[in-house]
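Heads up, final-v1.cif below (mmCIF, C-alpha atoms):
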data_model
loop_
_atom_site.label_atom_id
_atom_site.label_comp_id
_atom_site.auth_asym_id
_atom_site.auth_seq_id
_atom_site.Cartn_x
_atom_site.Cartn_y
_atom_site.Cartn_z
CA MET S 1 -2.16 19.97 -1.36
CA ILE S 2 -0.41 20.32 -4.73
CA PRO S 3 -0.95 23.64 -6.54
CA GLU S 4 -3.04 23.15 -9.68
CA ASN S 5 -0.26 24.47 -11.91
CA GLY S 6 1.95 21.56 -10.86
CA GLU S 7 5.09 23.70 -10.53
CA VAL S 8 6.12 21.83 -7.39
CA LEU S 9 6.62 18.74 -9.54
CA LYS S 10 9.53 20.40 -11.34
CA ALA S 11 11.68 19.67 -8.29
CA PHE S 12 11.56 16.00 -9.30
CA LYS S 13 13.75 14.86 -12.16
CA PRO S 14 11.04 12.96 -14.06
CA PHE S 15 9.03 16.18 -14.43
CA SER S 16 11.78 18.79 -14.64
CA SER S 17 11.64 19.12 -18.44
CA LEU S 18 7.85 19.18 -18.83
CA GLU S 19 5.88 22.24 -19.88
CA LYS S 20 3.34 23.87 -17.56
CA THR S 21 0.44 22.48 -19.57
CA ASP S 22 1.80 18.95 -19.14
CA LEU S 23 2.30 19.48 -15.41
CA ARG S 24 -1.27 20.75 -15.02
CA LYS S 25 -2.56 17.69 -16.88
CA ILE S 26 -0.69 15.38 -14.49
CA ILE S 27 -2.27 17.14 -11.50
CA GLU S 28 -5.72 16.98 -13.09
CA PHE S 29 -5.43 13.24 -13.69
CA SER S 30 -4.23 12.41 -10.17
CA THR S 31 -5.37 12.76 -6.57
CA PHE S 32 -3.22 13.90 -3.66
CA HIS S 33 -3.03 11.77 -0.51
CA SER S 34 -1.27 12.21 2.82
CA ILE S 35 -0.75 8.85 4.55
CA ARG S 36 0.34 8.21 8.13
CA LYS S 37 3.33 6.13 9.25
CA GLY S 38 2.80 2.37 9.38
CA LYS S 39 0.04 2.25 6.76
CA VAL S 40 0.08 -0.10 3.78
CA LEU S 41 -0.10 1.62 0.40
CA TYR S 42 -0.97 -1.66 -1.30
CA TYR S 43 -0.66 -5.39 -0.67
CA GLN S 44 1.10 -8.02 -2.73
CA SER S 45 -1.38 -10.05 -4.84
CA ASP S 46 -4.10 -7.36 -4.71
CA ARG S 47 -5.32 -6.34 -8.14
CA ALA S 48 -3.23 -3.37 -9.30
CA ASP S 49 -5.62 -0.49 -9.87
CA THR S 50 -3.52 2.55 -8.93
CA VAL S 51 -0.08 3.96 -9.74
CA PHE S 52 1.58 6.12 -7.10
CA PHE S 53 4.20 8.85 -7.33
CA LEU S 54 6.01 9.47 -4.05
CA LEU S 55 6.25 13.17 -3.20
CA LYS S 56 7.42 13.07 0.41
CA GLY S 57 8.59 10.45 2.91
CA ASN S 58 9.92 6.90 2.57
CA VAL S 59 8.19 3.56 2.10
CA ARG S 60 9.44 -0.01 2.49
CA LYS S 61 8.92 -2.67 -0.19
CA ILE S 62 8.37 -6.21 1.10
CA LYS S 63 8.18 -9.31 -1.12
CA TYR S 64 6.52 -12.44 0.31
CA ARG S 65 7.58 -15.83 -1.02
CA SER S 66 5.63 -19.08 -1.31
CA ASP S 67 7.44 -20.57 1.71
CA GLU S 68 6.06 -17.72 3.86
CA THR S 69 9.43 -16.00 4.18
CA ASN S 70 9.86 -12.44 2.93
CA ILE S 71 12.52 -10.19 1.47
CA ILE S 72 12.96 -6.45 1.96
CA LEU S 73 13.37 -5.10 -1.57
CA GLY S 74 14.53 -1.72 -0.34
CA LYS S 75 13.01 1.69 0.17
CA GLY S 76 10.93 3.89 -2.03
CA THR S 77 12.02 7.51 -1.75
CA PRO S 78 10.59 10.84 -3.00
CA GLY S 79 10.61 11.01 -6.78
CA GLN S 80 9.91 7.31 -7.32
CA TRP S 81 6.93 5.61 -8.95
CA LEU S 82 5.16 2.59 -7.49
CA GLY S 83 2.94 0.13 -9.35
CA ILE S 84 3.70 1.13 -12.94
CA ALA S 85 4.56 -2.32 -14.30
CA GLU S 86 1.63 -4.00 -12.55
CA VAL S 87 -0.94 -1.51 -13.87
CA LEU S 88 0.46 -1.62 -17.40
CA MET S 89 0.35 -5.43 -17.32
CA ASN S 90 -3.13 -5.47 -15.77
CA SER S 91 -1.81 -7.77 -13.07
CA VAL S 92 -1.58 -7.94 -9.28
CA TYR S 93 0.89 -5.95 -7.21
CA LEU S 94 4.20 -7.79 -6.86
CA TYR S 95 5.03 -6.74 -3.28
CA ASP S 96 3.69 -4.89 -0.23
CA VAL S 97 4.44 -1.20 0.21
CA MET S 98 4.36 0.15 3.78
CA THR S 99 5.00 3.72 4.92
CA GLU S 100 8.03 4.20 7.21
CA GLU S 101 6.91 7.74 8.07
CA SER S 102 4.18 10.13 7.02
CA VAL S 103 4.18 10.27 3.24
CA GLU S 104 2.56 12.29 0.48
CA VAL S 105 1.71 10.73 -2.87
CA LEU S 106 -0.03 11.40 -6.15
CA ALA S 107 -2.36 8.53 -7.03
CA PHE S 108 -3.39 7.72 -10.61
CA THR S 109 -6.24 5.32 -11.29
CA THR S 110 -5.60 2.76 -14.02
CA HIS S 111 -7.87 4.62 -16.42
CA ASN S 112 -6.26 8.01 -15.85
CA PHE S 113 -2.75 6.60 -15.97
CA LEU S 114 -3.40 4.85 -19.30
CA VAL S 115 -4.87 8.06 -20.72
CA LEU S 116 -1.72 9.95 -19.68
CA VAL S 117 0.50 7.30 -21.24
CA GLU S 118 -1.08 8.07 -24.60
CA ASP S 119 0.59 11.48 -24.39
CA ASN S 120 4.00 11.16 -26.03
CA CYS S 121 5.99 13.20 -23.49
CA PHE S 122 4.49 11.26 -20.58
CA LYS S 123 5.08 7.99 -22.42
CA GLN S 124 8.78 8.80 -22.74
CA LEU S 125 8.93 9.64 -19.03
CA ILE S 126 7.38 6.28 -18.09
CA LEU S 127 9.64 4.33 -20.45
CA LYS S 128 12.68 5.89 -18.77
CA GLU S 129 11.28 5.00 -15.35
CA LEU S 130 10.70 1.37 -16.36
CA ALA S 131 14.24 1.16 -17.76
CA ARG S 132 15.60 2.67 -14.54
CA ASN S 133 13.70 0.17 -12.40
CA LEU S 134 15.00 -2.74 -14.47
CA TYR S 135 18.56 -1.47 -14.15
CA LEU S 136 18.23 -1.05 -10.38
CA LEU S 137 16.73 -4.52 -10.02
CA HIS S 138 19.70 -6.15 -11.71
CA ALA S 139 22.09 -4.00 -9.69
CA GLN S 140 20.39 -5.10 -6.47
CA LEU S 141 20.61 -8.76 -7.46
CA GLU S 142 24.29 -8.36 -8.20
CA LEU S 143 25.01 -6.59 -4.92
CA ALA S 144 22.81 -8.72 -2.67
CA ARG S 145 25.63 -10.13 -0.59
CA PRO S 146 24.86 -12.77 2.06
CA LEU S 147 25.34 -10.22 4.86
CA HIS S 148 22.82 -7.88 3.25
CA ARG S 149 20.33 -10.70 2.78
CA LEU S 150 20.76 -11.70 6.42
CA ILE S 151 20.19 -8.16 7.69
CA ARG S 152 17.10 -7.72 5.50
CA PHE S 153 15.72 -10.96 6.92
CA ILE S 154 16.39 -9.80 10.48
CA LEU S 155 14.72 -6.42 9.94
CA ALA S 156 11.72 -7.93 8.14
CA ASN S 157 11.04 -10.58 10.79
CA ALA S 158 11.76 -8.67 13.99
CA VAL S 159 9.02 -8.29 16.59
CA THR S 160 9.11 -6.22 19.77
CA HIS S 161 9.86 -8.19 22.93
CA ARG S 162 10.29 -6.57 26.35
CA GLY S 163 11.45 -3.29 24.89
CA LYS S 164 13.83 -4.89 22.40
CA TYR S 165 13.59 -6.48 18.94
CA ARG S 166 13.57 -10.26 18.61
CA VAL S 167 13.69 -12.63 15.63
CA ASN S 168 12.43 -16.12 16.46
CA ALA S 169 14.25 -18.30 13.94
CA THR S 170 16.96 -20.93 13.95
CA GLN S 171 20.06 -20.57 11.83
CA GLU S 172 18.75 -23.40 9.65
CA THR S 173 15.51 -21.50 9.07
CA ILE S 174 17.41 -18.33 8.20
CA SER S 175 19.75 -20.15 5.80
CA GLY S 176 16.78 -21.57 3.89
CA ALA S 177 15.03 -18.21 3.78
CA ILE S 178 17.96 -16.24 2.35
CA GLY S 179 19.46 -18.96 0.18
CA VAL S 180 22.86 -19.51 1.81
CA THR S 181 24.43 -22.30 3.88
CA ARG S 182 23.97 -22.58 7.65
CA GLU S 183 27.73 -22.05 8.01
CA THR S 184 27.46 -18.74 6.16
CA VAL S 185 24.59 -17.63 8.41
CA ASN S 186 26.62 -18.56 11.48
CA LYS S 187 29.64 -16.63 10.19
CA TYR S 188 27.74 -13.39 9.61
CA LEU S 189 25.65 -13.64 12.77
CA ASN S 190 28.87 -13.89 14.76
CA HIS S 191 30.21 -10.93 12.80
CA LEU S 192 27.19 -8.85 13.81
CA ARG S 193 27.47 -10.05 17.41
CA THR S 194 31.15 -9.13 17.57
CA ASP S 195 30.24 -5.63 16.39
CA GLY S 196 27.72 -5.40 19.22
CA LEU S 197 24.68 -5.23 16.93
CA ILE S 198 22.88 -8.41 17.98
CA ARG S 199 22.70 -10.98 20.75
CA ILE S 200 22.26 -14.65 19.84
CA GLY S 201 20.14 -17.07 21.85
CA ARG S 202 18.87 -20.60 21.30
CA GLY S 203 16.44 -20.33 18.40
CA TYR S 204 16.31 -16.55 18.44
CA LEU S 205 18.37 -13.37 18.22
CA GLU S 206 17.81 -9.93 19.72
CA PHE S 207 18.90 -6.39 18.99
CA ASP S 208 18.20 -2.88 20.22
CA ASP S 209 18.54 -0.55 17.24
CA CYS S 210 17.14 -1.04 13.70
CA ASN S 211 19.02 2.00 12.40
CA ARG S 212 22.42 0.56 13.29
CA LEU S 213 21.62 -2.60 11.30
CA GLU S 214 20.32 -0.57 8.37
CA THR S 215 23.66 1.26 8.09
CA TYR S 216 25.10 -2.00 6.77
CA LEU S 217 22.71 -1.79 3.81
CA ALA S 218 23.77 1.72 2.77
#

Structure encoded using structure tokens:
Amino acid sequence: MIPENGEVLKAFKPFSSLEKTDLRKIIEFSTFHSIRKGKVLYYQSDRADTVFFLLKGNVRKIKYRSDETNIILGKGTPGQWLGIAEVLMNSVYLYDVMTEESVEVLAFTTHNFLVLVEDNCFKQLILKELARNLYLLHAQLELARPLHRLIRFILANAVTHRGKYRVNATQETISGAIGVTRETVNKYLNHLRTDGLIRIGRGYLEFDDCNRLETYLA
């Protein structure tokens, strides 16, 4: 549980400059939750009714597209907000959020969050967070190289198969899902195979270790 005085929040940059009274107000207007690994915090297209602040643990953000493919948007780490834009716009959530390990969050209902936003110091904090998220989004788009897109596709679509991970997809399917040519997919798959990270079969690929693939995204 979070102490009522909210002092623990000072460890996070967004709250480091706030007064004790402001920290207490944030605690009063939120609820603390501990969530197990593998649970979904919220689903894409569900009505956004809660904003979350991540205190501990990592989550994965997954965006589903109309052609039933998906994109890993990256991780949410301690100190990050989730669902701000959707709640402020009274819209649906824009992507799934799934826990990669046990996490702890503060949850703010729409009503409580909007009340907090009326407070000037909290409003400034949220404006900075929205600006930060916009900056990071454009940076991710700029840096989303074909290899990174390929690896995100592999990680997002892998299923367990006889003690290993398998992705059942042709190179043509992968090229359409990540927006590159089949030749580009073939080039980078062979690159990953040469490095010993994957094995390529007819209409599928296999690998043993998610963490080794994820190092390419760092």

Checklist entry - What does the distance between CA of Ser175 (chain S) and CA of Tyr95 (chain S) come to in Å, to one decimal place? => result 21.9 Å

Mind telling me what the PyMOL selection byres ((chain S and resi 57) around 6) catches here, as an mmCIF file with C-alpha atoms, in the frame of the given file?
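Listed below is the output, out-v4.cif:
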data_model
loop_
_atom_site.group_PDB
_atom_site.id
_atom_site.type_symbol
_atom_site.label_atom_id
_atom_site.label_comp_id
_atom_site.auth_asym_id
_atom_site.auth_seq_id
_atom_site.Cartn_x
_atom_site.Cartn_y
_atom_site.Cartn_z
ATOM 1 C CA LYS S 56 7.420 13.070 0.410
ATOM 2 C CA ASN S 58 9.920 6.900 2.570
ATOM 3 C CA VAL S 103 4.180 10.270 3.240
#

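In this comparison, which uses only C-alpha atoms, the residue of S:Asp96, S:Glu118, S:Asp208, S:Glu214 approaching Asn70 (chain S) most closely is S:Asp96.
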
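Rounded to one decimal, CA of Ile27 (chain S) and CA of Phe53 (chain S) lie 11.3 Å from each other.
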
Checklist entry - Using all atoms listed in the file, which residues sit within 12 Å of Leu114 (chain S) once same-chain residues fewer than 6 positions away are excluded, as a ChimeraX atom specification? => result /S:26,29-30,49-51,84-85,87-90,108,120,122-123,126

Checklist entry - Contacts of region 7-10 of chain S at 10 Å or less, counting all atoms listed in the file, minus same-chain residues fewer than 3 places along, as a PyMOL selection string? => result chain S and resi 2-4+13-20+23-24+26-27+55+79

Just so the selection is clear, what residues does the PyMOL selection byres ((chain S and resi 180-190) around 12) cover here, as a PDB file with C-alpha atoms, keeping the file's coordinate frame?
ATOM      1  CA  ALA S 144      22.810  -8.720  -2.670  1.00  0.00           C
ATOM      2  CA  ARG S 145      25.630 -10.130  -0.590  1.00  0.00           C
ATOM      3  CA  PRO S 146      24.860 -12.770   2.060  1.00  0.00           C
ATOM      4  CA  LEU S 147      25.340 -10.220   4.860  1.00  0.00           C
ATOM      5  CA  HIS S 148      22.820  -7.880   3.250  1.00  0.00           C
ATOM      6  CA  ARG S 149      20.330 -10.700   2.780  1.00  0.00           C
ATOM      7  CA  LEU S 150      20.760 -11.700   6.420  1.00  0.00           C
ATOM      8  CA  ILE S 151      20.190  -8.160   7.690  1.00  0.00           C
ATOM      9  CA  PHE S 153      15.720 -10.960   6.920  1.00  0.00           C
ATOM     10  CA  ILE S 154      16.390  -9.800  10.480  1.00  0.00           C
ATOM     11  CA  ALA S 169      14.250 -18.300  13.940  1.00  0.00           C
ATOM     12  CA  THR S 170      16.960 -20.930  13.950  1.00  0.00           C
ATOM     13  CA  GLN S 171      20.060 -20.570  11.830  1.00  0.00           C
ATOM     14  CA  GLU S 172      18.750 -23.400   9.650  1.00  0.00           C
ATOM     15  CA  THR S 173      15.510 -21.500   9.070  1.00  0.00           C
ATOM     16  CA  ILE S 174      17.410 -18.330   8.200  1.00  0.00           C
ATOM     17  CA  SER S 175      19.750 -20.150   5.800  1.00  0.00           C
ATOM     18  CA  GLY S 176      16.780 -21.570   3.890  1.00  0.00           C
ATOM     19  CA  ALA S 177      15.030 -18.210   3.780  1.00  0.00           C
ATOM     20  CA  ILE S 178      17.960 -16.240   2.350  1.00  0.00           C
ATOM     21  CA  GLY S 179      19.460 -18.960   0.180  1.00  0.00           C
ATOM     22  CA  HIS S 191      30.210 -10.930  12.800  1.00  0.00           C
ATOM     23  CA  LEU S 192      27.190  -8.850  13.810  1.00  0.00           C
ATOM     24  CA  ARG S 193      27.470 -10.050  17.410  1.00  0.00           C
ATOM     25  CA  THR S 194      31.150  -9.130  17.570  1.00  0.00           C
ATOM     26  CA  ASP S 195      30.240  -5.630  16.390  1.00  0.00           C
ATOM     27  CA  GLY S 196      27.720  -5.400  19.220  1.00  0.00           C
ATOM     28  CA  LEU S 197      24.680  -5.230  16.930  1.00  0.00           C
ATOM     29  CA  ILE S 198      22.880  -8.410  17.980  1.00  0.00           C
ATOM     30  CA  ARG S 199      22.700 -10.980  20.750  1.00  0.00           C
ATOM     31  CA  ILE S 200      22.260 -14.650  19.840  1.00  0.00           C
ATOM     32  CA  GLY S 201      20.140 -17.070  21.850  1.00  0.00           C
ATOM     33  CA  TYR S 204      16.310 -16.550  18.440  1.00  0.00           C
ATOM     34  CA  LEU S 205      18.370 -13.370  18.220  1.00  0.00           C
ATOM     35  CA  GLU S 206      17.810  -9.930  19.720  1.00  0.00           C
ATOM     36  CA  PHE S 207      18.900  -6.390  18.990  1.00  0.00           C
ATOM     37  CA  LEU S 213      21.620  -2.600  11.300  1.00  0.00           C
TER      38      LEU S 213
END

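Taking CA of Thr215 (chain S) and CA of Lys75 (chain S) as endpoints, the distance between them is 13.3 Å.
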
Checklist entry - When distances are computed from all atoms listed in the file, which of S:Glu104, S:Arg162, S:Phe52, S:Ser91 shows the smallest separation from Arg36 (chain S)? => result S:Glu104

Report as an mmCIF file with C-alpha atoms, in the coordinates of the input the residues that result from applying the PyMOL selection byres ((chain S and resi 160) around 12) to the structure here.
data_model
loop_
_atom_site.group_PDB
_atom_site.id
_atom_site.type_symbol
_atom_site.label_atom_id
_atom_site.label_comp_id
_atom_site.auth_asym_id
_atom_site.auth_seq_id
_atom_site.Cartn_x
_atom_site.Cartn_y
_atom_site.Cartn_z
ATOM 1 C CA LEU S 155 14.720 -6.420 9.940
ATOM 2 C CA ASN S 157 11.040 -10.580 10.790
ATOM 3 C CA ALA S 158 11.760 -8.670 13.990
ATOM 4 C CA VAL S 159 9.020 -8.290 16.590
ATOM 5 C CA HIS S 161 9.860 -8.190 22.930
ATOM 6 C CA ARG S 162 10.290 -6.570 26.350
ATOM 7 C CA GLY S 163 11.450 -3.290 24.890
ATOM 8 C CA LYS S 164 13.830 -4.890 22.400
ATOM 9 C CA TYR S 165 13.590 -6.480 18.940
ATOM 10 C CA ARG S 166 13.570 -10.260 18.610
ATOM 11 C CA VAL S 167 13.690 -12.630 15.630
ATOM 12 C CA ASN S 168 12.430 -16.120 16.460
ATOM 13 C CA LEU S 205 18.370 -13.370 18.220
ATOM 14 C CA GLU S 206 17.810 -9.930 19.720
ATOM 15 C CA PHE S 207 18.900 -6.390 18.990
ATOM 16 C CA ASP S 208 18.200 -2.880 20.220
ATOM 17 C CA ASP S 209 18.540 -0.550 17.240
ATOM 18 C CA CYS S 210 17.140 -1.040 13.700
#

Next on the checklist: Please list as a PyMOL selection string every residue within 8 Å of Leu41 (chain S), counting only C-alpha atoms and excluding residues in the same chain fewer than 2 positions away.
Outcome noted: chain S and resi 39+43+96-99

Item to check | Counting all atoms listed in the file, the option among S:Ala131, S:Leu125, S:Ala48, S:Ala156 closest to Val92 (chain S) | outcome: S:Ala48

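When all atoms listed in the file are used to compute distances to Val59 (chain S), the closest of the residues S:Lys37, S:Arg202, S:Arg152, S:Arg212 turns out to be S:Lys37.
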
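In this comparison, which uses only C-alpha atoms, the residue of S:Phe113, S:Tyr216, S:Tyr42, S:Tyr64 approaching Lys25 (chain S) most closely is S:Phe113.
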